[in-house]
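Novice: As input, take structure.pdb (PDB, C-alpha atoms):
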MODEL        1
ATOM      1  CA  MET I  21      43.844 -13.776 -32.415  1.00  0.00           C
ATOM      2  CA  LEU I  22      45.697 -12.353 -29.349  1.00  0.00           C
ATOM      3  CA  VAL I  23      46.589 -14.378 -26.262  1.00  0.00           C
ATOM      4  CA  ILE I  24      48.079 -13.247 -22.934  1.00  0.00           C
ATOM      5  CA  ARG I  25      50.477 -15.760 -21.378  1.00  0.00           C
ATOM      6  CA  LYS I  26      53.805 -16.161 -19.587  1.00  0.00           C
ATOM      7  CA  SER I  27      56.678 -14.407 -21.365  1.00  0.00           C
ATOM      8  CA  ARG I  28      60.380 -15.228 -21.429  1.00  0.00           C
ATOM      9  CA  ILE I  29      61.028 -11.458 -21.514  1.00  0.00           C
ATOM     10  CA  GLN I  30      59.053 -10.222 -18.498  1.00  0.00           C
ATOM     11  CA  GLY I  31      56.056 -11.533 -16.559  1.00  0.00           C
ATOM     12  CA  VAL I  32      53.268 -12.042 -19.064  1.00  0.00           C
ATOM     13  CA  GLY I  33      53.271 -10.975 -22.693  1.00  0.00           C
ATOM     14  CA  LEU I  34      50.990 -10.663 -25.684  1.00  0.00           C
ATOM     15  CA  PHE I  35      51.116 -13.458 -28.268  1.00  0.00           C
ATOM     16  CA  THR I  36      49.348 -14.140 -31.544  1.00  0.00           C
ATOM     17  CA  ASP I  37      47.677 -17.474 -32.202  1.00  0.00           C
ATOM     18  CA  SER I  38      47.571 -16.899 -35.972  1.00  0.00           C
ATOM     19  CA  PRO I  39      50.022 -15.454 -38.529  1.00  0.00           C
ATOM     20  CA  ILE I  40      50.085 -11.684 -39.109  1.00  0.00           C
ATOM     21  CA  ARG I  41      51.123 -10.155 -42.443  1.00  0.00           C
ATOM     22  CA  ALA I  42      53.883  -7.528 -42.586  1.00  0.00           C
ATOM     23  CA  ARG I  43      52.513  -3.967 -42.202  1.00  0.00           C
ATOM     24  CA  GLN I  44      49.108  -5.304 -41.070  1.00  0.00           C
ATOM     25  CA  LYS I  45      47.353  -3.353 -38.300  1.00  0.00           C
ATOM     26  CA  VAL I  46      47.385  -5.540 -35.201  1.00  0.00           C
ATOM     27  CA  GLY I  47      45.286  -3.390 -32.861  1.00  0.00           C
ATOM     28  CA  GLU I  48      44.913  -0.267 -30.750  1.00  0.00           C
ATOM     29  CA  TYR I  49      46.076   0.653 -27.249  1.00  0.00           C
ATOM     30  CA  THR I  50      43.096   1.336 -24.992  1.00  0.00           C
ATOM     31  CA  GLY I  51      42.483   2.452 -21.434  1.00  0.00           C
ATOM     32  CA  GLU I  52      41.493   5.474 -19.377  1.00  0.00           C
ATOM     33  CA  ARG I  53      42.155   8.782 -21.123  1.00  0.00           C
ATOM     34  CA  ILE I  54      43.845  11.177 -18.697  1.00  0.00           C
ATOM     35  CA  SER I  55      45.969  14.322 -18.812  1.00  0.00           C
ATOM     36  CA  VAL I  56      49.697  13.993 -19.463  1.00  0.00           C
ATOM     37  CA  ALA I  57      50.341  15.554 -16.022  1.00  0.00           C
ATOM     38  CA  GLU I  58      48.179  12.890 -14.350  1.00  0.00           C
ATOM     39  CA  GLY I  59      49.888  10.163 -16.381  1.00  0.00           C
ATOM     40  CA  ARG I  60      53.335  11.331 -15.276  1.00  0.00           C
ATOM     41  CA  ARG I  61      52.137  11.514 -11.669  1.00  0.00           C
ATOM     42  CA  ARG I  62      50.819   7.926 -11.849  1.00  0.00           C
ATOM     43  CA  ALA I  63      54.030   6.675 -13.498  1.00  0.00           C
ATOM     44  CA  ARG I  64      56.360   8.221 -10.919  1.00  0.00           C
ATOM     45  CA  GLY I  65      58.220   5.506  -9.028  1.00  0.00           C
ATOM     46  CA  GLN I  66      56.512   2.597 -10.830  1.00  0.00           C
ATOM     47  CA  ARG I  67      58.531  -0.276 -12.348  1.00  0.00           C
ATOM     48  CA  ARG I  68      55.701  -1.380 -14.633  1.00  0.00           C
ATOM     49  CA  ILE I  69      54.182   1.519 -16.548  1.00  0.00           C
ATOM     50  CA  ALA I  70      51.211   1.104 -18.889  1.00  0.00           C
ATOM     51  CA  ILE I  71      50.740   4.802 -19.666  1.00  0.00           C
ATOM     52  CA  VAL I  72      51.210   6.176 -23.176  1.00  0.00           C
ATOM     53  CA  GLU I  73      51.250   9.863 -24.083  1.00  0.00           C
ATOM     54  CA  VAL I  74      49.302  10.266 -27.330  1.00  0.00           C
ATOM     55  CA  SER I  75      49.494  14.065 -27.541  1.00  0.00           C
ATOM     56  CA  ASN I  76      50.892  17.022 -25.604  1.00  0.00           C
ATOM     57  CA  ARG I  77      47.753  16.954 -23.436  1.00  0.00           C
ATOM     58  CA  ILE I  78      46.367  13.389 -23.462  1.00  0.00           C
ATOM     59  CA  ALA I  79      47.713  10.085 -22.135  1.00  0.00           C
ATOM     60  CA  ILE I  80      46.156   6.627 -21.994  1.00  0.00           C
ATOM     61  CA  ASP I  81      46.476   4.506 -18.837  1.00  0.00           C
ATOM     62  CA  GLY I  82      46.196   0.907 -20.031  1.00  0.00           C
ATOM     63  CA  ASP I  83      45.918  -0.383 -16.456  1.00  0.00           C
ATOM     64  CA  VAL I  84      42.456   1.200 -16.141  1.00  0.00           C
ATOM     65  CA  ASN I  85      39.924  -0.435 -18.482  1.00  0.00           C
ATOM     66  CA  GLY I  86      42.733  -1.304 -20.879  1.00  0.00           C
ATOM     67  CA  GLY I  87      42.908  -3.971 -23.531  1.00  0.00           C
ATOM     68  CA  PRO I  88      45.482  -6.671 -24.235  1.00  0.00           C
ATOM     69  CA  PHE I  89      48.140  -4.312 -25.625  1.00  0.00           C
ATOM     70  CA  ARG I  90      49.059  -3.214 -22.101  1.00  0.00           C
ATOM     71  CA  PHE I  91      50.878  -6.568 -21.918  1.00  0.00           C
ATOM     72  CA  ILE I  92      53.124  -5.989 -24.938  1.00  0.00           C
ATOM     73  CA  ASN I  93      56.756  -6.244 -23.830  1.00  0.00           C
ATOM     74  CA  HIS I  94      59.730  -4.174 -24.976  1.00  0.00           C
ATOM     75  CA  SER I  95      62.321  -5.577 -27.349  1.00  0.00           C
ATOM     76  CA  CYS I  96      65.350  -3.957 -28.959  1.00  0.00           C
ATOM     77  CA  ALA I  97      64.471  -6.122 -32.016  1.00  0.00           C
ATOM     78  CA  PRO I  98      60.680  -5.637 -32.094  1.00  0.00           C
ATOM     79  CA  ASN I  99      58.215  -7.247 -34.480  1.00  0.00           C
ATOM     80  CA  VAL I 100      55.592  -4.464 -34.277  1.00  0.00           C
ATOM     81  CA  PHE I 101      55.771  -0.680 -34.400  1.00  0.00           C
ATOM     82  CA  THR I 102      53.448   1.964 -33.047  1.00  0.00           C
ATOM     83  CA  ARG I 103      51.732   4.838 -34.773  1.00  0.00           C
ATOM     84  CA  ILE I 104      50.400   7.709 -32.682  1.00  0.00           C
ATOM     85  CA  ALA I 105      47.928   9.988 -34.445  1.00  0.00           C
ATOM     86  CA  TYR I 106      44.705  11.794 -33.602  1.00  0.00           C
ATOM     87  CA  GLY I 107      44.978  10.913 -29.901  1.00  0.00           C
ATOM     88  CA  ARG I 108      45.268   7.160 -30.539  1.00  0.00           C
ATOM     89  CA  MET I 109      48.078   4.603 -30.560  1.00  0.00           C
ATOM     90  CA  GLU I 110      47.931   1.721 -33.032  1.00  0.00           C
ATOM     91  CA  PHE I 111      50.191  -1.298 -33.510  1.00  0.00           C
ATOM     92  CA  TYR I 112      51.376  -2.586 -36.918  1.00  0.00           C
ATOM     93  CA  ALA I 113      53.503  -5.606 -37.855  1.00  0.00           C
ATOM     94  CA  LEU I 114      57.053  -4.724 -38.924  1.00  0.00           C
ATOM     95  CA  ARG I 115      57.416  -8.094 -40.635  1.00  0.00           C
ATOM     96  CA  ARG I 116      55.502 -11.329 -41.036  1.00  0.00           C
ATOM     97  CA  ILE I 117      54.784 -12.690 -37.550  1.00  0.00           C
ATOM     98  CA  LYS I 118      54.300 -16.423 -37.067  1.00  0.00           C
ATOM     99  CA  ALA I 119      51.497 -17.950 -35.016  1.00  0.00           C
ATOM    100  CA  GLY I 120      52.633 -18.362 -31.408  1.00  0.00           C
ATOM    101  CA  GLU I 121      55.153 -15.477 -31.496  1.00  0.00           C
ATOM    102  CA  GLU I 122      55.217 -12.886 -28.739  1.00  0.00           C
ATOM    103  CA  LEU I 123      54.399  -9.381 -29.960  1.00  0.00           C
ATOM    104  CA  THR I 124      57.033  -6.831 -28.963  1.00  0.00           C
ATOM    105  CA  CYS I 125      57.682  -3.158 -29.619  1.00  0.00           C
ATOM    106  CA  ASP I 126      60.460  -0.680 -28.880  1.00  0.00           C
ATOM    107  CA  TYR I 127      59.428   1.440 -25.865  1.00  0.00           C
ATOM    108  CA  HIS I 128      61.802   4.318 -26.688  1.00  0.00           C
ATOM    109  CA  PRO I 129      61.293   7.014 -25.626  1.00  0.00           C
ATOM    110  CA  SER I 130      60.134   5.729 -22.265  1.00  0.00           C
ATOM    111  CA  GLN I 131      59.215   7.116 -18.866  1.00  0.00           C
ATOM    112  CA  HIS I 132      61.913   4.808 -17.465  1.00  0.00           C
ATOM    113  CA  ASP I 133      64.572   7.215 -18.849  1.00  0.00           C
ATOM    114  CA  GLY I 134      67.118   4.442 -19.483  1.00  0.00           C
ATOM    115  CA  LYS I 135      67.064   3.248 -15.852  1.00  0.00           C
ATOM    116  CA  LEU I 136      65.194  -0.057 -16.283  1.00  0.00           C
ATOM    117  CA  ALA I 137      67.291  -3.061 -17.297  1.00  0.00           C
ATOM    118  CA  CYS I 138      66.235  -4.522 -20.647  1.00  0.00           C
ATOM    119  CA  ARG I 139      65.490  -8.251 -20.638  1.00  0.00           C
ATOM    120  CA  CYS I 140      64.676  -8.786 -24.325  1.00  0.00           C
ATOM    121  CA  GLY I 141      67.694 -10.999 -24.980  1.00  0.00           C
ATOM    122  CA  SER I 142      68.132  -9.884 -28.609  1.00  0.00           C
ATOM    123  CA  ALA I 143      71.572  -9.573 -30.210  1.00  0.00           C
ATOM    124  CA  GLN I 144      70.862  -5.827 -30.662  1.00  0.00           C
ATOM    125  CA  CYS I 145      69.935  -5.300 -26.999  1.00  0.00           C
ATOM    126  CA  CYS I 146      70.663  -1.782 -25.709  1.00  0.00           C
ATOM    127  CA  LYS I 147      70.724  -3.109 -22.081  1.00  0.00           C
ATOM    128  CA  PHE I 148      68.367  -0.416 -20.666  1.00  0.00           C
ATOM    129  CA  VAL I 149      64.854   0.867 -21.436  1.00  0.00           C
TER     130      VAL I 149
ENDMDL
END
The structure in this file should be written as structure tokens.

Specialist:
Amino acid sequence: MLVIRKSRIQGVGLFTDSPIRARQKVGEYTGERISVAEGRRRARGQRRIAIVEVSNRIAIDGDVNGGPFRFINHSCAPNVFTRIAYGRMEFYALRRIKAGEELTCDYHPSQHDGKLACRCGSAQCCKFV
């Protein structure tokens, strides 16, 4: 159902090869579970960050044993949203998503602190992530 390929937004992205219903669970972010302090240390100075804080103590580094959701790109007009609960992060469709569409979510808040230029190209673009 999910395919990783070249993205018009940034590098590679995550795409669906079949339609997804609105509000349907798309998947879960996976990777190495680490402390928030270690996650912030690893993220320092990096342009591409695949670390998500899922609690005050736990973060997930998608670059270490992570799944396909580490390739989901930011968009100011996303088609999926995230839900963080019980130390996990899950992705759900905001609307019906057509086969072949790139999956995108809003990264805010982000460890980039508004310093990384946004490349989503949407009419609602905030210009920085």

Novice: Env of I:Phe91: 8 Å cut, atoms = only C-alpha atoms, seq-sep filter 5 positions within chain, self excluded. Answer as an NGL selection string.

Specialist: :I and (24 or 32-34)

Novice: Taking a cut-off of 10 Å and counting all atoms listed in the file, can you build a table that, for each residue of stretch 51-102 of chain I near stretch 138-145 of chain I, reports the nearest atom pair and how far apart they are in Å (one decimal), sorted by chain then residue number, as JSON lines?

Specialist:
{"residue": "I:Asn93", "atom": "CA", "partner": "I:Cys140", "partner_atom": "CA", "distance": 8.3}
{"residue": "I:His94", "atom": "CA", "partner": "I:Cys140", "partner_atom": "CA", "distance": 6.8}
{"residue": "I:Ser95", "atom": "CA", "partner": "I:Cys140", "partner_atom": "CA", "distance": 5.0}
{"residue": "I:Cys96", "atom": "CA", "partner": "I:Cys145", "partner_atom": "CA", "distance": 5.2}
{"residue": "I:Ala97", "atom": "CA", "partner": "I:Ser142", "partner_atom": "CA", "distance": 6.3}
{"residue": "I:Pro98", "atom": "CA", "partner": "I:Ser142", "partner_atom": "CA", "distance": 9.3}

Novice: What lies within 6 Å of I:Phe111 using all atoms listed in the file, ignoring chain neighbours under 5 positions off, as a list in words?

Specialist: Lys45, Val46, Gly47, Phe101 and Thr102 of chain I

Novice: Would you please work out which residue, of I:Ile117, I:Gly107, I:Thr50, I:Val56, is nearest to I:Gly86 when using all atoms listed in the file?

Specialist: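 Smallest distance to I:Gly86 is found for I:Thr50.
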
Novice: Quick one, how far is atom CA of I:Val72 from atom CA of I:Ser38?

Specialist: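 Taking atom CA of I:Val72 as the start and atom CA of I:Ser38 as the end point, the length is 26.6 Å.
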
Novice: Could you list as a ChimeraX atom specification every residue that has an atom within 12 Å of (53.9, -7.4, -22.2), using the file's coordinates and counting only C-alpha atoms?

Specialist: /I:22-35,68-70,82,87-95,122-127,139-140

Novice: Between I:Ile78, I:Ile40, I:Ala137, I:Ala119, which is the closest to I:Ala57 once you count all atoms listed in the file?

Specialist: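 Comparing I:Ile78, I:Ile40, I:Ala137, I:Ala119 against I:Ala57, the winner is I:Ile78.
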
Novice: Calculated over only C-alpha atoms, which of the candidates I:Ile54, I:Met109, I:Ala42, I:Val100 has the smallest distance to I:Val84?

Specialist: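 Of the candidates, the smallest distance to I:Val84 is held by I:Ile54.
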
Novice: Evaluate the PyMOL selection byres ((chain I and resi 74) around 8) and record the selected residues as a list in words, following the chain and residue labels used in the document.

Specialist: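 Selected by the PyMOL selection byres ((chain I and resi 74) around 8) here: Val72, Glu73, Ser75, Asn76, Arg77, Ile78, Ala79, Ile80, Ile104, Ala105, Tyr106, Gly107, Arg108 and Met109 of chain I.
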
Novice: For atom CA of I:Gly65 and atom CA of I:Arg103, determine how far apart the two atoms are, in Å to one decimal place.

Specialist: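 Atom CA of I:Arg103 lies at a distance of 26.6 Å from atom CA of I:Gly65.
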
Novice: Work out how far apart atom CA of I:Lys118 and atom CA of I:Glu48 are and give it in Å to one decimal.

Specialist: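 Separation of atom CA of I:Lys118 and atom CA of I:Glu48: 19.7 Å.
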
Novice: Using only C-alpha atoms, find the one residue out of I:Ser55, I:Asn85, I:Cys146, I:Tyr49 that sits nearest to I:His128.

Specialist: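 Looking at the shortest contact to I:His128, the residue is I:Cys146.
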
Novice: Between I:Arg61, I:Arg67, I:Arg43, I:Arg115, single out the one closest to I:Asn99, counting only C-alpha atoms.

Specialist: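 Comparing I:Arg61, I:Arg67, I:Arg43, I:Arg115 against I:Asn99, the winner is I:Arg115.
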
Novice: From the options I:Leu114, I:Gln66, I:Asp83, I:Arg41, which residue's atoms come nearest to I:Arg53, counting all atoms listed in the file?

Specialist: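 Closest residue, counting all atoms listed in the file: I:Asp83.
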